[in-house]
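Undergrad: Next up, start.pdb (PDB, C-alpha atoms).
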```pdb
MODEL        1
ATOM      1  CA  MET A   1      -5.371   6.032  18.071
ATOM      2  CA  PRO A   2      -9.093   6.800  18.717
ATOM      3  CA  GLN A   3     -11.287   3.861  17.704
ATOM      4  CA  ARG A   4     -13.492   5.879  15.338
ATOM      5  CA  ALA A   5     -10.445   7.263  13.540
ATOM      6  CA  ARG A   6      -8.889   3.788  13.274
ATOM      7  CA  GLU A   7     -12.029   2.288  11.762
ATOM      8  CA  LYS A   8     -12.375   5.194   9.331
ATOM      9  CA  PHE A   9      -8.767   4.707   8.293
ATOM     10  CA  LEU A  10      -9.149   0.981   7.735
ATOM     11  CA  SER A  11     -12.331   1.456   5.714
ATOM     12  CA  THR A  12     -10.713   4.023   3.405
ATOM     13  CA  GLU A  13      -9.624   2.670   0.051
ATOM     14  CA  ILE A  14      -6.258   4.046  -1.055
ATOM     15  CA  LYS A  15      -5.768   3.063  -4.668
ATOM     16  CA  LYS A  16      -2.002   3.019  -4.659
ATOM     17  CA  GLU A  17       0.042   0.055  -5.785
ATOM     18  CA  ASN A  18       1.997  -1.771  -3.121
ATOM     19  CA  LYS A  19       5.554  -1.714  -4.455
ATOM     20  CA  ALA A  20       7.136  -3.956  -1.824
ATOM     21  CA  ARG A  21       7.482  -7.594  -2.855
ATOM     22  CA  PHE A  22       8.827 -10.364  -0.648
ATOM     23  CA  SER A  23      10.315 -13.720  -1.565
ATOM     24  CA  SER A  24       9.636 -16.849   0.448
ATOM     25  CA  GLU A  25      13.264 -16.767   1.583
ATOM     26  CA  GLU A  26      12.853 -13.255   2.976
ATOM     27  CA  LEU A  27       9.635 -14.101   4.800
ATOM     28  CA  ASN A  28      11.102 -17.317   6.204
ATOM     29  CA  LYS A  29      14.020 -15.341   7.597
ATOM     30  CA  LEU A  30      11.847 -12.595   9.073
ATOM     31  CA  PHE A  31       9.191 -14.817  10.638
ATOM     32  CA  ASN A  32      10.858 -18.206  11.067
ATOM     33  CA  CYS A  33       8.292 -19.901   8.836
ATOM     34  CA  ASN A  34       8.616 -22.485   6.080
ATOM     35  CA  LEU A  35       7.185 -21.013   2.883
ATOM     36  CA  ASP A  36       8.174 -22.182  -0.581
ATOM     37  CA  PHE A  37       7.053 -20.216  -3.621
ATOM     38  CA  LYS A  38       8.826 -18.864  -6.691
ATOM     39  CA  GLU A  39       6.996 -15.570  -7.138
ATOM     40  CA  LYS A  40       7.374 -12.543  -4.894
ATOM     41  CA  TYR A  41       4.347 -11.552  -2.837
ATOM     42  CA  SER A  42       3.071  -8.182  -1.618
ATOM     43  CA  ILE A  43       1.121  -7.455   1.571
ATOM     44  CA  ASN A  44      -2.566  -6.513   1.704
ATOM     45  CA  THR A  45      -4.477  -5.649   4.892
ATOM     46  CA  ASN A  46      -7.852  -5.418   3.151
ATOM     47  CA  SER A  47      -9.567  -8.816   2.776
ATOM     48  CA  ARG A  48     -11.978  -7.350   0.202
ATOM     49  CA  SER A  49      -9.269  -6.560  -2.327
ATOM     50  CA  ILE A  50      -6.907  -9.546  -2.151
ATOM     51  CA  LYS A  51      -5.339 -10.299  -5.531
ATOM     52  CA  GLU A  52      -3.077 -12.997  -6.874
ATOM     53  CA  ASN A  53       0.389 -13.000  -5.315
ATOM     54  CA  GLU A  54      -0.748 -11.078  -2.245
ATOM     55  CA  ILE A  55      -0.545 -12.116   1.398
ATOM     56  CA  PHE A  56      -3.324 -11.089   3.744
ATOM     57  CA  LEU A  57      -2.261  -9.378   6.952
ATOM     58  CA  PRO A  58      -5.241  -9.032   9.331
ATOM     59  CA  LEU A  59      -5.325  -6.054  11.672
ATOM     60  CA  VAL A  60      -7.314  -5.935  14.892
ATOM     61  CA  GLY A  61      -9.394  -3.173  16.510
ATOM     62  CA  GLU A  62     -11.929  -2.931  19.294
ATOM     63  CA  LYS A  63     -14.878  -3.596  16.992
ATOM     64  CA  PHE A  64     -13.296  -5.601  14.176
ATOM     65  CA  ASP A  65     -10.821  -8.404  13.655
ATOM     66  CA  GLY A  66      -9.300  -9.164  10.270
ATOM     67  CA  HIS A  67      -8.708 -12.757  11.407
ATOM     68  CA  ASP A  68     -12.447 -13.342  10.958
ATOM     69  CA  PHE A  69     -11.948 -13.339   7.183
ATOM     70  CA  ILE A  70      -8.993 -15.727   6.827
ATOM     71  CA  ASN A  71     -11.250 -18.756   6.279
ATOM     72  CA  GLU A  72     -12.899 -16.972   3.339
ATOM     73  CA  LEU A  73      -9.650 -16.319   1.491
ATOM     74  CA  GLU A  74      -7.623 -18.658  -0.669
ATOM     75  CA  CYS A  75      -4.234 -17.158   0.040
ATOM     76  CA  ILE A  76      -1.340 -17.126   2.473
ATOM     77  CA  SER A  77      -2.247 -15.147   5.581
ATOM     78  CA  PHE A  78      -0.571 -13.844   8.678
ATOM     79  CA  CYS A  79      -2.205 -14.903  11.933
ATOM     80  CA  ALA A  80      -1.579 -13.954  15.542
ATOM     81  CA  LYS A  81      -1.002 -16.916  17.863
ATOM     82  CA  THR A  82      -3.862 -15.785  20.064
ATOM     83  CA  HIS A  83      -6.268 -15.906  17.086
ATOM     84  CA  LEU A  84      -5.431 -19.353  15.711
ATOM     85  CA  ASN A  85      -8.728 -20.659  17.054
ATOM     86  CA  LYS A  86     -10.529 -18.492  14.483
ATOM     87  CA  VAL A  87      -8.923 -20.311  11.558
ATOM     88  CA  ASP A  88     -10.007 -23.772  10.424
ATOM     89  CA  LYS A  89      -7.222 -26.272  11.009
ATOM     90  CA  LYS A  90      -7.273 -27.271   7.327
ATOM     91  CA  TYR A  91      -5.905 -23.788   6.537
ATOM     92  CA  HIS A  92      -3.150 -23.725   9.149
ATOM     93  CA  ASP A  93      -0.504 -24.852   6.656
ATOM     94  CA  ARG A  94      -0.877 -21.575   4.740
ATOM     95  CA  LEU A  95      -0.464 -19.315   7.780
ATOM     96  CA  ILE A  96       2.470 -17.182   8.860
ATOM     97  CA  ILE A  97       2.036 -17.313  12.626
ATOM     98  CA  VAL A  98       3.241 -14.269  14.579
ATOM     99  CA  GLU A  99       2.853 -12.818  18.043
ATOM    100  CA  ASN A 100       1.152  -9.658  16.821
ATOM    101  CA  THR A 101       0.081  -8.792  13.276
ATOM    102  CA  LEU A 102       0.615  -5.024  13.656
ATOM    103  CA  ASP A 103       4.171  -5.656  14.826
ATOM    104  CA  ALA A 104       4.620  -7.956  11.827
ATOM    105  CA  TYR A 105       3.405  -5.153   9.540
ATOM    106  CA  HIS A 106       6.007  -2.831  11.033
ATOM    107  CA  LEU A 107       8.750  -5.452  10.753
ATOM    108  CA  LEU A 108       7.996  -5.854   7.034
ATOM    109  CA  ALA A 109       8.040  -2.088   6.564
ATOM    110  CA  ASN A 110      11.336  -1.681   8.406
ATOM    111  CA  TYR A 111      12.914  -4.475   6.371
ATOM    112  CA  TYR A 112      11.789  -2.847   3.122
ATOM    113  CA  ARG A 113      12.921   0.598   4.316
ATOM    114  CA  LYS A 114      16.421  -0.768   4.913
ATOM    115  CA  LYS A 115      16.381  -2.696   1.644
ATOM    116  CA  ILE A 116      15.581   0.374  -0.492
ATOM    117  CA  ASN A 117      17.660   2.573   1.845
ATOM    118  CA  PRO A 118      16.408   6.066   0.979
ATOM    119  CA  LYS A 119      17.216   9.136   3.018
ATOM    120  CA  VAL A 120      14.305   9.234   5.488
ATOM    121  CA  ILE A 121      12.817  12.475   6.816
ATOM    122  CA  GLY A 122      10.420  12.084   9.749
ATOM    123  CA  ILE A 123       8.049  14.970  10.482
ATOM    124  CA  THR A 124       6.135  15.237  13.737
ATOM    125  CA  GLY A 125       4.659  17.861  16.044
ATOM    126  CA  SER A 126       1.366  19.033  17.484
ATOM    127  CA  SER A 127       0.402  20.992  14.369
ATOM    128  CA  GLY A 128       1.676  21.773  10.884
ATOM    129  CA  LYS A 129       2.880  18.270  10.059
ATOM    130  CA  THR A 130       0.969  17.794   6.810
ATOM    131  CA  THR A 131       1.763  21.252   5.458
ATOM    132  CA  THR A 132       5.442  20.819   6.297
ATOM    133  CA  LYS A 133       5.464  17.401   4.644
ATOM    134  CA  GLU A 134       4.013  18.844   1.446
ATOM    135  CA  ILE A 135       6.498  21.740   1.377
ATOM    136  CA  VAL A 136       9.512  19.499   2.036
ATOM    137  CA  SER A 137       8.380  16.984  -0.589
ATOM    138  CA  ALA A 138       7.701  19.677  -3.200
ATOM    139  CA  VAL A 139      11.120  21.266  -2.745
ATOM    140  CA  LEU A 140      13.038  17.979  -2.815
ATOM    141  CA  SER A 141      11.075  16.563  -5.770
ATOM    142  CA  GLY A 142      12.806  19.059  -8.026
ATOM    143  CA  LYS A 143      16.011  17.039  -7.739
ATOM    144  CA  TYR A 144      15.236  13.682  -6.150
ATOM    145  CA  LYS A 145      12.823  10.761  -6.423
ATOM    146  CA  VAL A 146      10.570  11.446  -3.429
ATOM    147  CA  HIS A 147       7.918   9.255  -1.824
ATOM    148  CA  LYS A 148       5.719  10.746   0.898
ATOM    149  CA  THR A 149       2.882   9.986   3.294
ATOM    150  CA  ASN A 150      -0.457  10.063   1.484
ATOM    151  CA  ALA A 151      -2.853  12.687   2.918
ATOM    152  CA  ASN A 152      -2.368  12.536   6.706
ATOM    153  CA  PHE A 153      -2.035   8.756   7.017
ATOM    154  CA  ASN A 154       0.508   9.170   9.753
ATOM    155  CA  ASN A 155      -0.416   6.605  12.414
ATOM    156  CA  GLU A 156       0.710   3.085  13.305
ATOM    157  CA  ILE A 157      -1.158   1.679  10.301
ATOM    158  CA  GLY A 158      -0.535   4.453   7.789
ATOM    159  CA  LEU A 159       3.223   4.638   8.307
ATOM    160  CA  PRO A 160       4.052   1.012   7.389
ATOM    161  CA  LYS A 161       1.568   1.225   4.511
ATOM    162  CA  THR A 162       3.366   4.300   3.194
ATOM    163  CA  ILE A 163       6.743   2.591   3.406
ATOM    164  CA  LEU A 164       5.502  -0.546   1.630
ATOM    165  CA  GLU A 165       4.084   1.602  -1.195
ATOM    166  CA  MET A 166       7.512   3.145  -1.791
ATOM    167  CA  PRO A 167       8.899   2.612  -5.330
ATOM    168  CA  GLU A 168      12.262   0.892  -5.496
ATOM    169  CA  ASP A 169      13.931   3.940  -7.042
ATOM    170  CA  THR A 170      12.948   6.217  -4.136
ATOM    171  CA  GLU A 171      15.810   8.446  -3.010
ATOM    172  CA  ILE A 172      14.019  10.365  -0.265
ATOM    173  CA  LEU A 173      11.173   9.110   1.912
ATOM    174  CA  VAL A 174       9.159  11.815   3.698
ATOM    175  CA  LEU A 175       7.074  10.427   6.538
ATOM    176  CA  GLU A 176       4.496  12.228   8.621
ATOM    177  CA  MET A 177       4.362  10.785  12.144
ATOM    178  CA  ALA A 178       1.548  11.443  14.603
ATOM    179  CA  MET A 179       1.523  10.943  18.356
ATOM    180  CA  ARG A 180      -1.828  10.050  19.897
ATOM    181  CA  ALA A 181      -0.541   8.092  22.869
ATOM    182  CA  GLN A 182       2.585   7.868  24.969
ATOM    183  CA  GLY A 183       5.336   5.921  23.225
ATOM    184  CA  GLU A 184       3.813   6.103  19.746
ATOM    185  CA  ILE A 185       6.589   8.223  18.217
ATOM    186  CA  LYS A 186       9.145   5.768  19.592
ATOM    187  CA  TYR A 187       7.206   2.898  17.974
ATOM    188  CA  LEU A 188       6.958   4.668  14.608
ATOM    189  CA  SER A 189      10.584   5.794  14.726
ATOM    190  CA  LYS A 190      11.804   2.252  15.285
ATOM    191  CA  THR A 191      10.146   1.300  12.004
ATOM    192  CA  ALA A 192      10.997   4.404   9.981
ATOM    193  CA  GLN A 193      14.528   4.943  11.332
ATOM    194  CA  PRO A 194      14.569   8.577  10.140
ATOM    195  CA  ASP A 195      17.889  10.152   9.171
ATOM    196  CA  ILE A 196      16.457  13.634   9.674
ATOM    197  CA  ALA A 197      13.728  14.684  12.122
ATOM    198  CA  ILE A 198      11.567  17.792  11.804
ATOM    199  CA  ILE A 199       9.489  18.805  14.843
ATOM    200  CA  THR A 200       7.032  21.463  13.751
ATOM    201  CA  ASN A 201       5.424  22.492  17.037
ATOM    202  CA  VAL A 202       4.922  21.083  20.510
TER     203      VAL A 202
ENDMDL
END
```
Since I need it in another form, could you write the structure as structure tokens?

TA:
Amino acid sequence: MPQRAREKFLSTEIKKENKARFSSEELNKLFNCNLDFKEKYSINTNSRSIKENEIFLPLVGEKFDGHDFINELECISFCAKTHLNKVDKKYHDRLIIVENTLDAYHLLANYYRKKINPKVIGITGSSGKTTTKEIVSAVLSGKYKVHKTNANFNNEIGLPKTILEMPEDTEILVLEMAMRAQGEIKYLSKTAQPDIAIITNV
């Protein structure tokens, strides 16, 4: 994804509630950690809007690094092994240490996708993706509980975000999937596991 587009995406506030909640048991199983809390926590990638019962997941770009803000937050945070040096040792006991935070984001999304288990429609192609997504969603919403990609947030950050915002009663999940580099559709598809694929134009 082009750097300017990535930074614009990360700086955009999407005021949608994150529906996915994870127990300590689920997170321990997914990431081989040792958390112990009674409440269920949601995931937030924006350090400026962390709320109670949210876990911070820092993303990394060419000109920014979410790990830089972990020391300022009083919450559980994900942290890539290669960025541990950025976090004061006194905070290490509240970290979920992973190889790569973006991969962790996708793992959480895939787990939640399988947990809710909607019928997933993946839409990709060189043009017409967003229009097709809106048409498909509008038609299916007449009969089913549909959750769809917001705007054109269809990249490696937007797709897991969309999945984690999915209400638990979702019956059909409509995902727009963009390809900006070789292998990106394969990466997104591994997370989304679409039941139906629509290719609009190549």

Undergrad: What is the atom CA of Glu134 of chain A-atom CA of Ala192 of chain A distance in Å, reported with one decimal?

TA: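 Separating atom CA of Glu134 of chain A from atom CA of Ala192 of chain A is a distance of 18.2 Å.
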
Undergrad: Might you spell out which residues the PyMOL selection byres ((chain A and resi 114-116) around 9) would select in the displayed file, as a count of residues only?

TA: 14

Undergrad: Please report the interatomic distance between atom CA of Cys75 of chain A and atom CA of Lys89 of chain A in Å with one decimal.

TA: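 Value for the atom CA of Cys75 of chain A-atom CA of Lys89 of chain A distance: 14.6 Å.
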
Undergrad: What do you get, as a list in words, if you spell out every residue that the PyMOL selection byres ((chain A and resi 155) around 9) selects here?

TA: Met1, Arg6, Asn152, Phe153, Asn154, Glu156, Ile157, Gly158, Leu159, Pro160, Glu176, Met177, Ala178, Met179, Arg180, Glu184 and Leu188 of chain A

Undergrad: With distances taken over all atoms listed in the file, which residue among A:Leu30, A:Val136, A:Leu35, A:Cys79 lies nearest Gly66 of chain A?

TA: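 With all atoms listed in the file as the atom set, the closest residue is A:Cys79.
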
Undergrad: Just to confirm, what's the straight-line distance from atom CA of Leu59 of chain A to atom CA of Leu73 of chain A in Å (one decimal)?

TA: 15.1 Å

Undergrad: Do you know which residues the PyMOL selection byres ((chain A and resi 173) around 7) returns on this file, as a list in words?

TA: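 So the PyMOL selection byres ((chain A and resi 173) around 7) ends up selecting Pro118, Lys119, Val120, Ile121, Val146, His147, Lys148, Thr170, Glu171, Ile172, Val174 and Leu175 of chain A.
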
Undergrad: Leaving out Glu39 of chain A and any residue of its chain fewer than 5 positions from it, which residues lie within 10 Å of it when counting all atoms listed in the file, given as a ChimeraX atom specification?

TA: /A:21-24,53

Undergrad: Set up a box along x, y and z of the file covering all listed atoms of segment 81-95 of chain A, add 4 Å on every one of the six sides, and write the centre and edge lengths in Å to one decimal, as AutoDock Vina command-line options.

TA:
```
--center_x -5.5 --center_y -21.5 --center_z 12.4 --size_x 18.1 --size_y 19.5 --size_z 23.3
```

Undergrad: Will you give me segment 94-124 of chain A, written with N, CA and C atoms and laid out as a PDB file, in the first residue's frame?

TA:
```
ATOM      1  N   ARG A  94       2.822  -6.385  30.883  1.00  0.00           N
ATOM      2  CA  ARG A  94       1.482  -6.149  30.333  1.00  0.00           C
ATOM      3  C   ARG A  94       1.493  -6.206  28.796  1.00  0.00           C
ATOM      4  N   LEU A  95       2.519  -6.822  28.237  1.00  0.00           N
ATOM      5  CA  LEU A  95       2.645  -6.923  26.787  1.00  0.00           C
ATOM      6  C   LEU A  95       2.241  -8.301  26.276  1.00  0.00           C
ATOM      7  N   ILE A  96       1.646  -8.308  25.094  1.00  0.00           N
ATOM      8  CA  ILE A  96       1.439  -9.540  24.334  1.00  0.00           C
ATOM      9  C   ILE A  96       2.484  -9.492  23.222  1.00  0.00           C
ATOM     10  N   ILE A  97       3.514 -10.289  23.355  1.00  0.00           N
ATOM     11  CA  ILE A  97       4.656 -10.210  22.441  1.00  0.00           C
ATOM     12  C   ILE A  97       4.417 -11.122  21.236  1.00  0.00           C
ATOM     13  N   VAL A  98       4.542 -10.536  20.045  1.00  0.00           N
ATOM     14  CA  VAL A  98       4.291 -11.262  18.795  1.00  0.00           C
ATOM     15  C   VAL A  98       5.424 -10.997  17.808  1.00  0.00           C
ATOM     16  N   GLU A  99       5.462 -11.784  16.759  1.00  0.00           N
ATOM     17  CA  GLU A  99       6.469 -11.567  15.726  1.00  0.00           C
ATOM     18  C   GLU A  99       6.185 -10.303  14.930  1.00  0.00           C
ATOM     19  N   ASN A 100       4.920 -10.092  14.604  1.00  0.00           N
ATOM     20  CA  ASN A 100       4.518  -8.983  13.755  1.00  0.00           C
ATOM     21  C   ASN A 100       3.115  -8.548  14.159  1.00  0.00           C
ATOM     22  N   THR A 101       2.928  -7.269  14.438  1.00  0.00           N
ATOM     23  CA  THR A 101       1.632  -6.813  14.947  1.00  0.00           C
ATOM     24  C   THR A 101       0.542  -6.829  13.873  1.00  0.00           C
ATOM     25  N   LEU A 102       0.897  -6.586  12.611  1.00  0.00           N
ATOM     26  CA  LEU A 102      -0.114  -6.648  11.548  1.00  0.00           C
ATOM     27  C   LEU A 102      -0.606  -8.074  11.380  1.00  0.00           C
ATOM     28  N   ASP A 103       0.313  -9.036  11.439  1.00  0.00           N
ATOM     29  CA  ASP A 103      -0.095 -10.440  11.366  1.00  0.00           C
ATOM     30  C   ASP A 103      -0.974 -10.803  12.552  1.00  0.00           C
ATOM     31  N   ALA A 104      -0.679 -10.247  13.724  1.00  0.00           N
ATOM     32  CA  ALA A 104      -1.503 -10.496  14.902  1.00  0.00           C
ATOM     33  C   ALA A 104      -2.912  -9.946  14.708  1.00  0.00           C
ATOM     34  N   TYR A 105      -3.004  -8.768  14.096  1.00  0.00           N
ATOM     35  CA  TYR A 105      -4.295  -8.145  13.788  1.00  0.00           C
ATOM     36  C   TYR A 105      -5.124  -9.060  12.895  1.00  0.00           C
ATOM     37  N   HIS A 106      -4.470  -9.623  11.889  1.00  0.00           N
ATOM     38  CA  HIS A 106      -5.152 -10.527  10.963  1.00  0.00           C
ATOM     39  C   HIS A 106      -5.530 -11.843  11.641  1.00  0.00           C
ATOM     40  N   LEU A 107      -4.706 -12.330  12.541  1.00  0.00           N
ATOM     41  CA  LEU A 107      -5.024 -13.559  13.258  1.00  0.00           C
ATOM     42  C   LEU A 107      -6.264 -13.371  14.124  1.00  0.00           C
ATOM     43  N   LEU A 108      -6.352 -12.218  14.800  1.00  0.00           N
ATOM     44  CA  LEU A 108      -7.531 -11.897  15.606  1.00  0.00           C
ATOM     45  C   LEU A 108      -8.777 -11.824  14.730  1.00  0.00           C
ATOM     46  N   ALA A 109      -8.648 -11.177  13.578  1.00  0.00           N
ATOM     47  CA  ALA A 109      -9.785 -11.036  12.676  1.00  0.00           C
ATOM     48  C   ALA A 109     -10.244 -12.391  12.148  1.00  0.00           C
ATOM     49  N   ASN A 110      -9.301 -13.239  11.775  1.00  0.00           N
ATOM     50  CA  ASN A 110      -9.655 -14.559  11.263  1.00  0.00           C
ATOM     51  C   ASN A 110     -10.333 -15.406  12.339  1.00  0.00           C
ATOM     52  N   TYR A 111      -9.832 -15.305  13.562  1.00  0.00           N
ATOM     53  CA  TYR A 111     -10.439 -16.044  14.672  1.00  0.00           C
ATOM     54  C   TYR A 111     -11.888 -15.596  14.877  1.00  0.00           C
ATOM     55  N   TYR A 112     -12.106 -14.292  14.859  1.00  0.00           N
ATOM     56  CA  TYR A 112     -13.448 -13.749  15.063  1.00  0.00           C
ATOM     57  C   TYR A 112     -14.363 -14.098  13.882  1.00  0.00           C
ATOM     58  N   ARG A 113     -13.816 -14.052  12.670  1.00  0.00           N
ATOM     59  CA  ARG A 113     -14.591 -14.439  11.487  1.00  0.00           C
ATOM     60  C   ARG A 113     -15.101 -15.864  11.624  1.00  0.00           C
ATOM     61  N   LYS A 114     -14.244 -16.778  12.079  1.00  0.00           N
ATOM     62  CA  LYS A 114     -14.646 -18.169  12.233  1.00  0.00           C
ATOM     63  C   LYS A 114     -15.585 -18.352  13.429  1.00  0.00           C
ATOM     64  N   LYS A 115     -15.425 -17.526  14.427  1.00  0.00           N
ATOM     65  CA  LYS A 115     -16.286 -17.614  15.611  1.00  0.00           C
ATOM     66  C   LYS A 115     -17.722 -17.201  15.279  1.00  0.00           C
ATOM     67  N   ILE A 116     -17.899 -16.103  14.570  1.00  0.00           N
ATOM     68  CA  ILE A 116     -19.232 -15.639  14.182  1.00  0.00           C
ATOM     69  C   ILE A 116     -19.768 -16.479  13.024  1.00  0.00           C
ATOM     70  N   ASN A 117     -18.889 -16.874  12.120  1.00  0.00           N
ATOM     71  CA  ASN A 117     -19.175 -17.792  11.022  1.00  0.00           C
ATOM     72  C   ASN A 117     -20.291 -17.321  10.089  1.00  0.00           C
ATOM     73  N   PRO A 118     -20.194 -16.091   9.568  1.00  0.00           N
ATOM     74  CA  PRO A 118     -21.162 -15.661   8.566  1.00  0.00           C
ATOM     75  C   PRO A 118     -20.795 -16.224   7.194  1.00  0.00           C
ATOM     76  N   LYS A 119     -21.696 -16.089   6.252  1.00  0.00           N
ATOM     77  CA  LYS A 119     -21.334 -16.360   4.864  1.00  0.00           C
ATOM     78  C   LYS A 119     -20.520 -15.152   4.397  1.00  0.00           C
ATOM     79  N   VAL A 120     -19.313 -15.393   3.892  1.00  0.00           N
ATOM     80  CA  VAL A 120     -18.408 -14.296   3.533  1.00  0.00           C
ATOM     81  C   VAL A 120     -18.329 -14.151   2.019  1.00  0.00           C
ATOM     82  N   ILE A 121     -18.558 -12.920   1.540  1.00  0.00           N
ATOM     83  CA  ILE A 121     -18.440 -12.608   0.123  1.00  0.00           C
ATOM     84  C   ILE A 121     -17.257 -11.660  -0.048  1.00  0.00           C
ATOM     85  N   GLY A 122     -16.256 -12.082  -0.798  1.00  0.00           N
ATOM     86  CA  GLY A 122     -15.080 -11.257  -1.056  1.00  0.00           C
ATOM     87  C   GLY A 122     -15.163 -10.656  -2.448  1.00  0.00           C
ATOM     88  N   ILE A 123     -14.992  -9.343  -2.550  1.00  0.00           N
ATOM     89  CA  ILE A 123     -15.106  -8.646  -3.826  1.00  0.00           C
ATOM     90  C   ILE A 123     -13.783  -7.983  -4.164  1.00  0.00           C
ATOM     91  N   THR A 124     -13.242  -8.301  -5.324  1.00  0.00           N
ATOM     92  CA  THR A 124     -11.982  -7.703  -5.745  1.00  0.00           C
ATOM     93  C   THR A 124     -12.026  -7.425  -7.243  1.00  0.00           C
TER      94      THR A 124
END
```
